[in-house]
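Following: one structure in structure tokens, then a few remarks.
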Amino acid sequence: MILPLLPLDEPRRLQALLRLGLLDTPAEERFDRIVRMAARMFQVPISLVSLLDESRQWFKARVGLDTPSTARGISFCGHAILTPRTFVVRDALEDPRFADNPLVTGTPHVRFYAGHPIHASDGSPVGTLCLLDRRARDFTEAERQQLEDMASWVELELNALSMKEARTALAQQERFFELSVDMLCIAGLDGTFRQLGQAWTRTLGYSEQALLARPLLELVHEEDRAATAEWLARGARGEPLPRFEHRCQGQDGTWHWLQWNATVNVEEGIFYGVARNVTEQKRLEAKQRQVELMKSEFVSTVSHELRTPLTSIRGSLGLLEGGILGELPSQAQDMVRIARSNTERLIRLINDILDLEKMESGKLDFQLEPLELGTLLAQAVEAHQGYAEECDARVELALEAPGARALVDGDRFLQVLANLLSNALKFSPRGERVTLRLERVGSRLRVSVEDHGPGIPESFRARIFEKFAQADGSDSRRKGGTGLGLSITRALVTQLGGTLDFVSREGVGTTFRVELPEWRAPADPRDTPVPPQEKTAVASGSGSGRPRLLHVEADEDNRRVVADVLRDVADMVPARNPPEAESALRAESFPLVIAENVLPEGGLLPLEPLLAAAPVVLFSVREAEPELARQVSAVLVKSRATNEELRAVVLRLLRASSLRSPAPPPSGAS
């Protein structure tokens with residue numbers, strides 16, 4: 001901290017201050033009015049008329065600050081009186097003169113300061129009119145001029161010893177009203193104007209006389225009139241007035257949105273207000289909402305129109321690659337592999353865009369449960385074995401905290417691991433390993449994904465979690481990707497109550513670390529949350545040894561692919577729409593129903609008849625809302641679930657519930 005210097009004429013300055021006769025006098029409305037108006041005008045929490053004697057700065061008028069004085073040695077005003085112009089500190093934490101000042105590091109936590117010196121009649125600087133804020137901010141040249149004008153008003157009040165000087169002070173106030181960009185006013189508690197700034201005429205088009213003859217409520221839009229009357233009534237009762245917005249009509253009939261900051265002196269029956277024309281801001285906000293709505297509708301279209309055909313394409317290619325039509329010629333096998341790989345890449349892009357949109361709109365749902373992280377890590381390793389083989393790498397699991405639990409959404413956590421593991425495998429040298437590790441660090445669990453790849457360039461590290469960020473000039477462009485994965489991953493981890501960071505050395509490798517609070521069971525077992533139970537399927541009434549499953553899906557290609565994926569598990573009965581599904585349910589009973597609940601026209605499939613008849617697996621283009629997910633037996637998103645995952649879920653439900661019925665008894669048996 002740098003102490004303020006003393007002015008060269010300090011003895012003369014102190015004498016001029018004492019001659020004013022203001023030190024340690026009671027508050028006066030003529031000064032209080034100015035600081036109230038300054039606080040509203042510049043939208044700062046603290047405004048002061050400060051006078052500096054030999055050891056302190058004493059506040060003749062103050063708003064937003066309880067203490068009547070502070071030591072001169074730590075004052076900002078001690079610096080401000082040394083210059084004839086407005087003294088501005090944009091950010092005290094970045095200014096070596098004030099960074100460790102107790103007024104900055106402690107109450108009132110000053111970050112911004114603007115003060116203009118005020119002078120006695122002989123020209124001696126005796127104090128300042130100053131503005132303080134708890135956040136850093138810029139101060140324009142126009143604002144400097146406005147503060148200087150208001151400081152001149154303070155000076156006139158300091159030295160108003162004659163009628164002539166009083167008239168000058170009034171003229172200064174009127175000039176301030178004329179020049180202000182904001183719409184200043186003084187009004188009665190009933191909303192009748194007593195004094196108006198010229199900005200009112202410039203904004204609404206009425207003459208000053210016309211406005212003075214009309215109460216504020218007559219200008220207000222009918223829909224906003226009751227709220228405005230209540231706002232004025234609150235002021236009349238002496239209650240603090242919140243920031244307020246309403247519409248006022250101009251002379252040409254157009255409506256203007258005004259945003260108000262105001263204060264009331266009940267004893268005087270006066271209302272001091274600053275209105276700001278925010279019509280353009282409102283227009284831009286409405287346009288932004290329209291853009292967001294269009295984006296949401298577009299994403300919804302992408303979700304249905306792209307996910308559905310891509311699911312059938314990926315499923316068909318997977319079946320071909322798996323040999324459903326027999327062994328393919330090597331060239332054809334390569335073509336199928338290339339097509340499937342690029343289909344997966346396109347699906348990942350769509351999933352990333354949809355996840356990003358959901359997170360930004362706050363629509364991404366989380367079902368938190370105390371789950372064993374080791375089990376989830378093992379699932380992630382198993383799911384990435386195929387991709388590891390493609391990359392000629394391997395994944396190793398290191399469980400140093402077996403049995404440890406955290407409160408997570410299992411699906412979202414697996415998505416985090418999938419993003420980190422796929423990145424690590426993608427950049428791993430051939431033959432290298434990627435280690436997925438679980439360990440305890442104090443009271444937290446750390447999940448690490450360690451690779452031995454090229455590392456992250458130093459120039460890219462600050463941007464690595466930004467949207468669409470990719471390390472140009474590195475291997476990442478050749479490896480492909482959307483640049484959204486790590487941004488989405490960090491957002492997911494944050495939603496789970498954890499942190500994500502990394503350490504990297506170029507040429508050595510990178511480790512991404514997810515840390516989560518460890519969950520421990522409550523002492524009283526009655527307080528232990530019970531994880532949601534999966535629906536138990538009902539045994540089939542069919543006499544066939546092979547179950548028949550109902551598949552409700554409008555898209556013919558997807559129906560065919562699902563039938564092929566489950567060809568050795570069950571026979572599929574197709575239904576294109578709700579009437580066909582209801583007809584099939586009346587004709588026979590099914591041990592399980594697979595359903596796409598998003599209809600082609602955009603509505604939702606009625607699930608009540610299906611749920612009443614059998615357990616339901618949603619195989620849909622959309623993720624299910626939490627309430628719906630609790631009603632069905634399983635939820636699979638088409639663009640995320642592989643053929644193997646669909647088959648595994650169906651088998652699990654059939655086996656767990658003993659859905660296969662015994663074969664019909666031999667002929668003649670009783």
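Within each chain, counting starts at residue 1; across the structure tokens, chains are named A, B, ... in the order shown, with ligands numbered 1 upward in that order.
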Sort by chain and increasing residue number a table of all residues of stretch 215-299 of chain A within 10 Å of stretch 38-45 of chain A, each with its closest pair of atoms and their distance in Å to one decimal, counting only C-alpha atoms, and write it as JSON lines.
{"residue": "A:Trp260", "atom": "CA", "partner": "A:Arg40", "partner_atom": "CA", "distance": 9.3}
{"residue": "A:Asn261", "atom": "CA", "partner": "A:Arg40", "partner_atom": "CA", "distance": 6.1}
{"residue": "A:Ala262", "atom": "CA", "partner": "A:Arg40", "partner_atom": "CA", "distance": 6.9}
{"residue": "A:Thr263", "atom": "CA", "partner": "A:Arg40", "partner_atom": "CA", "distance": 8.3}
{"residue": "A:Tyr272", "atom": "CA", "partner": "A:Arg40", "partner_atom": "CA", "distance": 9.0}
{"residue": "A:Gly273", "atom": "CA", "partner": "A:Arg40", "partner_atom": "CA", "distance": 7.8}
{"residue": "A:Val274", "atom": "CA", "partner": "A:Met41", "partner_atom": "CA", "distance": 6.4}
{"residue": "A:Ala275", "atom": "CA", "partner": "A:Met41", "partner_atom": "CA", "distance": 9.2}
{"residue": "A:Arg276", "atom": "CA", "partner": "A:Met41", "partner_atom": "CA", "distance": 9.8}
Store the residues of this selection in a file with all heavy atoms, as a short mmCIF file (atom, residue, chain, number, x, y, z; two decimals), in the first residue's frame.
data_model
loop_
_atom_site.label_atom_id
_atom_site.label_comp_id
_atom_site.auth_asym_id
_atom_site.auth_seq_id
_atom_site.Cartn_x
_atom_site.Cartn_y
_atom_site.Cartn_z
N TRP A 260 -36.19 1.44 -13.67
CA TRP A 260 -36.11 2.47 -12.62
C TRP A 260 -35.19 2.08 -11.48
O TRP A 260 -35.17 0.94 -11.03
CB TRP A 260 -37.49 2.71 -12.01
CG TRP A 260 -38.43 3.50 -12.87
CD1 TRP A 260 -39.24 3.03 -13.87
CD2 TRP A 260 -38.68 4.90 -12.79
NE1 TRP A 260 -39.97 4.05 -14.41
CE2 TRP A 260 -39.65 5.22 -13.77
CE3 TRP A 260 -38.19 5.93 -11.99
CZ2 TRP A 260 -40.13 6.50 -13.97
CZ3 TRP A 260 -38.66 7.21 -12.18
CH2 TRP A 260 -39.61 7.49 -13.17
N ASN A 261 -34.42 3.08 -11.00
CA ASN A 261 -33.78 3.03 -9.69
C ASN A 261 -34.25 4.28 -8.96
O ASN A 261 -34.19 5.39 -9.52
CB ASN A 261 -32.26 3.05 -9.82
CG ASN A 261 -31.72 1.71 -10.27
OD1 ASN A 261 -31.68 0.76 -9.51
ND2 ASN A 261 -31.30 1.64 -11.53
N ALA A 262 -34.73 4.11 -7.74
CA ALA A 262 -35.34 5.27 -7.07
C ALA A 262 -35.19 5.16 -5.56
O ALA A 262 -34.96 4.08 -5.01
CB ALA A 262 -36.82 5.37 -7.44
N THR A 263 -35.32 6.30 -4.92
CA THR A 263 -35.34 6.37 -3.47
C THR A 263 -36.39 7.40 -3.06
O THR A 263 -36.76 8.27 -3.86
CB THR A 263 -33.96 6.73 -2.91
OG1 THR A 263 -33.97 6.60 -1.49
CG2 THR A 263 -33.57 8.16 -3.28
N TYR A 272 -37.20 10.50 -5.59
CA TYR A 272 -36.07 10.77 -6.49
C TYR A 272 -35.87 9.55 -7.38
O TYR A 272 -35.64 8.44 -6.87
CB TYR A 272 -34.79 11.03 -5.71
CG TYR A 272 -34.86 12.21 -4.77
CD1 TYR A 272 -35.22 12.04 -3.44
CD2 TYR A 272 -34.58 13.50 -5.23
CE1 TYR A 272 -35.29 13.12 -2.58
CE2 TYR A 272 -34.65 14.59 -4.37
CZ TYR A 272 -35.01 14.39 -3.05
OH TYR A 272 -35.08 15.46 -2.20
N GLY A 273 -35.97 9.73 -8.68
CA GLY A 273 -35.89 8.58 -9.58
C GLY A 273 -34.93 8.78 -10.74
O GLY A 273 -34.72 9.89 -11.22
N VAL A 274 -34.33 7.66 -11.17
CA VAL A 274 -33.51 7.60 -12.38
C VAL A 274 -34.09 6.49 -13.24
O VAL A 274 -34.04 5.32 -12.86
CB VAL A 274 -32.03 7.32 -12.06
CG1 VAL A 274 -31.22 7.29 -13.35
CG2 VAL A 274 -31.47 8.34 -11.10
N ALA A 275 -34.66 6.85 -14.39
CA ALA A 275 -35.19 5.86 -15.32
C ALA A 275 -34.25 5.73 -16.51
O ALA A 275 -33.70 6.74 -16.98
CB ALA A 275 -36.59 6.25 -15.79
N ARG A 276 -34.08 4.51 -16.97
CA ARG A 276 -33.20 4.26 -18.12
C ARG A 276 -34.02 3.58 -19.21
O ARG A 276 -34.76 2.63 -18.95
CB ARG A 276 -32.02 3.40 -17.70
CG ARG A 276 -31.08 3.02 -18.84
CD ARG A 276 -29.77 2.50 -18.29
NE ARG A 276 -29.02 3.56 -17.61
CZ ARG A 276 -27.85 3.36 -17.01
NH1 ARG A 276 -27.31 2.16 -16.99
NH2 ARG A 276 -27.23 4.37 -16.43
#
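Take the candidates A:Val278, A:Leu646, A:Val573, A:Leu284 and check each one against A:Phe590 using only C-alpha atoms; the shortest distance goes to A:Val573.
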Original post:
If we count only C-alpha atoms, what is near stretch 237-244 of chain A at a cut-off of 10 Å, once residues fewer than 3 positions away on the same chain are taken out, given as an MDAnalysis selection string?
Top reply: chainID A and resid 189 227:228 231:234 258:267 275
Subject >> Residue with smallest distance to A:Glu515 - pool A:Asp32, A:Asp100, A:Glu439, A:Asp138, counting only C-alpha atoms >> reply: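 Distance minimum relative to A:Glu515 lands on A:Glu439.
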**OP:** Could you jot down the atom CA of A:Leu618 to atom CA of A:Leu306 separation for me, Å, one decimal place?
**Re:**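 According to the coordinates, atom CA of A:Leu618 and atom CA of A:Leu306 are separated by 18.0 Å.
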Subject >> For A:Val621, the nearest of the candidates A:Glu297, A:Glu553, A:Glu268, A:Glu344, counting only C-alpha atoms >> reply: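 That would be A:Glu553, the residue with the smallest distance to A:Val621.
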Subject >> Contacts of A:Phe139 at 9 Å (only C-alpha atoms; same-chain gap of 6+ positions) as JSON, numbers by chain >> reply: {"A": [88, 90, 114]}
**OP:** Record the distance separating atom CA of A:Thr343 and atom CA of A:Ala629, expressed in Å with one decimal.
**Re:**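 So the answer is 27.5 Å.
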Subject >> Long-range neighbours of A:Thr105 as a PyMOL selection string, 12 Å cut-off, only C-alpha atoms, 5 positions minimum in chain >> reply: chain A and resi 1+74+92-93+98-100+110-111+134
**OP:** To one decimal in Å, tell me the separation between atom CA of A:Arg430 and atom CA of A:Pro454.
**Re:** 12.1 Å
List the spatial neighbours of stretch 247-249 of chain A as an mmCIF file with C-alpha atoms, in the first residue's frame - criterion: any atom at most 8 Å away, only C-alpha atoms, same-chain residues fewer than 5 positions off excluded.
data_model
loop_
_atom_site.group_PDB
_atom_site.id
_atom_site.type_symbol
_atom_site.label_atom_id
_atom_site.label_comp_id
_atom_site.auth_asym_id
_atom_site.auth_seq_id
_atom_site.Cartn_x
_atom_site.Cartn_y
_atom_site.Cartn_z
ATOM 1 C CA LEU A 204 -40.946 10.140 -24.953
ATOM 2 C CA LEU A 219 -48.187 7.163 -19.192
ATOM 3 C CA VAL A 220 -47.910 3.535 -18.055
ATOM 4 C CA HIS A 221 -49.164 0.547 -20.076
ATOM 5 C CA ASP A 224 -48.150 -2.569 -15.910
ATOM 6 C CA THR A 254 -44.856 3.816 -29.291
ATOM 7 C CA TRP A 255 -44.109 1.973 -26.054
ATOM 8 C CA HIS A 256 -40.782 2.350 -24.263
ATOM 9 C CA TRP A 257 -39.438 -0.012 -21.613
ATOM 10 C CA LEU A 258 -38.084 2.008 -18.657
#
Original post:
If we count only C-alpha atoms, what is near A:Ala151 at a cut-off of 10 Å, once residues fewer than 4 positions away on the same chain are taken out, given as a VMD selection string?
Top reply: chain A and resid 34 38 49 86 115 to 119 128 to 130 145 to 147 155 to 157
May I have the residues from that selection written out with all heavy atoms, as a short mmCIF file (atom, residue, chain, number, x, y, z; two decimals), in the first residue's frame?
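Everything below was put into again02.cif:
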data_model
loop_
_atom_site.label_atom_id
_atom_site.label_comp_id
_atom_site.auth_asym_id
_atom_site.auth_seq_id
_atom_site.Cartn_x
_atom_site.Cartn_y
_atom_site.Cartn_z
N ILE A 34 -27.57 14.76 -2.69
CA ILE A 34 -26.58 14.61 -3.77
C ILE A 34 -26.00 13.20 -3.80
O ILE A 34 -25.88 12.58 -4.87
CB ILE A 34 -25.45 15.66 -3.61
CG1 ILE A 34 -26.02 17.07 -3.76
CG2 ILE A 34 -24.34 15.42 -4.64
CD1 ILE A 34 -25.03 18.18 -3.43
N ALA A 38 -26.28 10.49 -6.73
CA ALA A 38 -25.07 9.97 -7.35
C ALA A 38 -25.07 8.44 -7.35
O ALA A 38 -24.70 7.80 -8.33
CB ALA A 38 -23.84 10.50 -6.62
N VAL A 49 -19.70 12.22 0.35
CA VAL A 49 -19.06 13.54 0.36
C VAL A 49 -18.04 13.47 1.50
O VAL A 49 -18.41 13.37 2.68
CB VAL A 49 -20.06 14.67 0.59
CG1 VAL A 49 -19.32 15.99 0.81
CG2 VAL A 49 -21.00 14.80 -0.61
N THR A 86 -10.80 14.13 -12.22
CA THR A 86 -11.40 12.97 -11.54
C THR A 86 -10.35 11.87 -11.38
O THR A 86 -9.67 11.50 -12.34
CB THR A 86 -12.59 12.44 -12.35
OG1 THR A 86 -13.55 13.49 -12.52
CG2 THR A 86 -13.26 11.27 -11.64
N GLY A 115 -13.33 9.56 -7.71
CA GLY A 115 -13.54 10.71 -6.84
C GLY A 115 -13.10 12.00 -7.51
O GLY A 115 -12.05 12.05 -8.15
N HIS A 116 -13.95 13.02 -7.39
CA HIS A 116 -13.58 14.33 -7.93
C HIS A 116 -13.41 15.29 -6.77
O HIS A 116 -14.27 15.38 -5.88
CB HIS A 116 -14.65 14.85 -8.89
CG HIS A 116 -14.16 16.02 -9.70
ND1 HIS A 116 -13.47 15.88 -10.88
CD2 HIS A 116 -14.24 17.37 -9.47
CE1 HIS A 116 -13.15 17.07 -11.35
NE2 HIS A 116 -13.61 17.99 -10.51
N PRO A 117 -12.28 16.04 -6.75
CA PRO A 117 -12.03 16.94 -5.61
C PRO A 117 -13.05 18.06 -5.54
O PRO A 117 -13.55 18.55 -6.56
CB PRO A 117 -10.62 17.48 -5.89
CG PRO A 117 -10.38 17.24 -7.34
CD PRO A 117 -11.18 16.04 -7.72
N ILE A 118 -13.39 18.44 -4.31
CA ILE A 118 -14.26 19.60 -4.07
C ILE A 118 -13.42 20.64 -3.34
O ILE A 118 -12.54 20.32 -2.52
CB ILE A 118 -15.52 19.21 -3.27
CG1 ILE A 118 -15.16 18.45 -1.98
CG2 ILE A 118 -16.44 18.37 -4.11
CD1 ILE A 118 -16.35 18.08 -1.11
N HIS A 119 -13.69 21.91 -3.64
CA HIS A 119 -12.81 23.00 -3.20
C HIS A 119 -13.57 24.01 -2.35
O HIS A 119 -14.77 24.25 -2.56
CB HIS A 119 -12.20 23.72 -4.41
CG HIS A 119 -11.41 22.81 -5.31
ND1 HIS A 119 -12.02 22.03 -6.28
CD2 HIS A 119 -10.07 22.56 -5.38
CE1 HIS A 119 -11.08 21.34 -6.92
NE2 HIS A 119 -9.90 21.63 -6.39
N THR A 128 -13.74 15.31 -1.38
CA THR A 128 -14.17 14.76 -2.68
C THR A 128 -15.65 14.40 -2.64
O THR A 128 -16.23 14.17 -1.57
CB THR A 128 -13.40 13.47 -3.04
OG1 THR A 128 -13.78 12.43 -2.13
CG2 THR A 128 -11.91 13.67 -3.02
N LEU A 129 -16.23 14.32 -3.83
CA LEU A 129 -17.46 13.57 -4.05
C LEU A 129 -17.01 12.28 -4.70
O LEU A 129 -16.40 12.31 -5.78
CB LEU A 129 -18.43 14.32 -4.96
CG LEU A 129 -19.66 13.51 -5.41
CD1 LEU A 129 -20.54 13.12 -4.24
CD2 LEU A 129 -20.47 14.28 -6.46
N CYS A 130 -17.23 11.14 -4.07
CA CYS A 130 -16.66 9.90 -4.59
C CYS A 130 -17.69 8.79 -4.68
O CYS A 130 -18.72 8.79 -4.00
CB CYS A 130 -15.47 9.45 -3.75
SG CYS A 130 -15.86 9.09 -2.02
N GLN A 145 -17.43 13.54 -16.69
CA GLN A 145 -17.99 14.88 -16.78
C GLN A 145 -19.20 15.02 -15.86
O GLN A 145 -19.38 16.05 -15.19
CB GLN A 145 -18.39 15.18 -18.23
CG GLN A 145 -18.94 16.58 -18.46
CD GLN A 145 -17.93 17.67 -18.10
OE1 GLN A 145 -16.81 17.65 -18.60
NE2 GLN A 145 -18.31 18.60 -17.22
N GLN A 146 -20.02 13.95 -15.81
CA GLN A 146 -21.19 14.00 -14.94
C GLN A 146 -20.78 14.08 -13.47
O GLN A 146 -21.38 14.83 -12.69
CB GLN A 146 -22.06 12.76 -15.18
CG GLN A 146 -22.79 12.79 -16.52
CD GLN A 146 -23.56 11.50 -16.77
OE1 GLN A 146 -23.13 10.43 -16.38
NE2 GLN A 146 -24.71 11.61 -17.41
N LEU A 147 -19.75 13.32 -13.08
CA LEU A 147 -19.30 13.37 -11.69
C LEU A 147 -18.71 14.75 -11.37
O LEU A 147 -18.91 15.29 -10.27
CB LEU A 147 -18.26 12.27 -11.44
CG LEU A 147 -17.76 12.16 -9.99
CD1 LEU A 147 -18.91 11.87 -9.04
CD2 LEU A 147 -16.68 11.08 -9.87
N GLU A 155 -19.71 21.68 -4.23
CA GLU A 155 -18.93 22.89 -3.90
C GLU A 155 -19.85 24.08 -3.65
O GLU A 155 -19.64 24.88 -2.72
CB GLU A 155 -17.96 23.21 -5.03
CG GLU A 155 -16.79 22.25 -5.13
CD GLU A 155 -15.84 22.62 -6.25
OE1 GLU A 155 -16.15 23.58 -6.99
OE2 GLU A 155 -14.79 21.96 -6.40
N LEU A 156 -20.87 24.22 -4.49
CA LEU A 156 -21.79 25.34 -4.31
C LEU A 156 -22.54 25.24 -2.99
O LEU A 156 -22.81 26.24 -2.33
CB LEU A 156 -22.76 25.41 -5.50
CG LEU A 156 -22.13 25.83 -6.83
CD1 LEU A 156 -23.09 25.60 -7.98
CD2 LEU A 156 -21.72 27.30 -6.77
N GLU A 157 -22.88 23.99 -2.61
CA GLU A 157 -23.54 23.81 -1.31
C GLU A 157 -22.57 24.12 -0.17
O GLU A 157 -22.96 24.70 0.86
CB GLU A 157 -24.06 22.38 -1.18
CG GLU A 157 -25.20 22.02 -2.11
CD GLU A 157 -26.50 22.72 -1.76
OE1 GLU A 157 -26.56 23.40 -0.69
OE2 GLU A 157 -27.43 22.63 -2.53
#
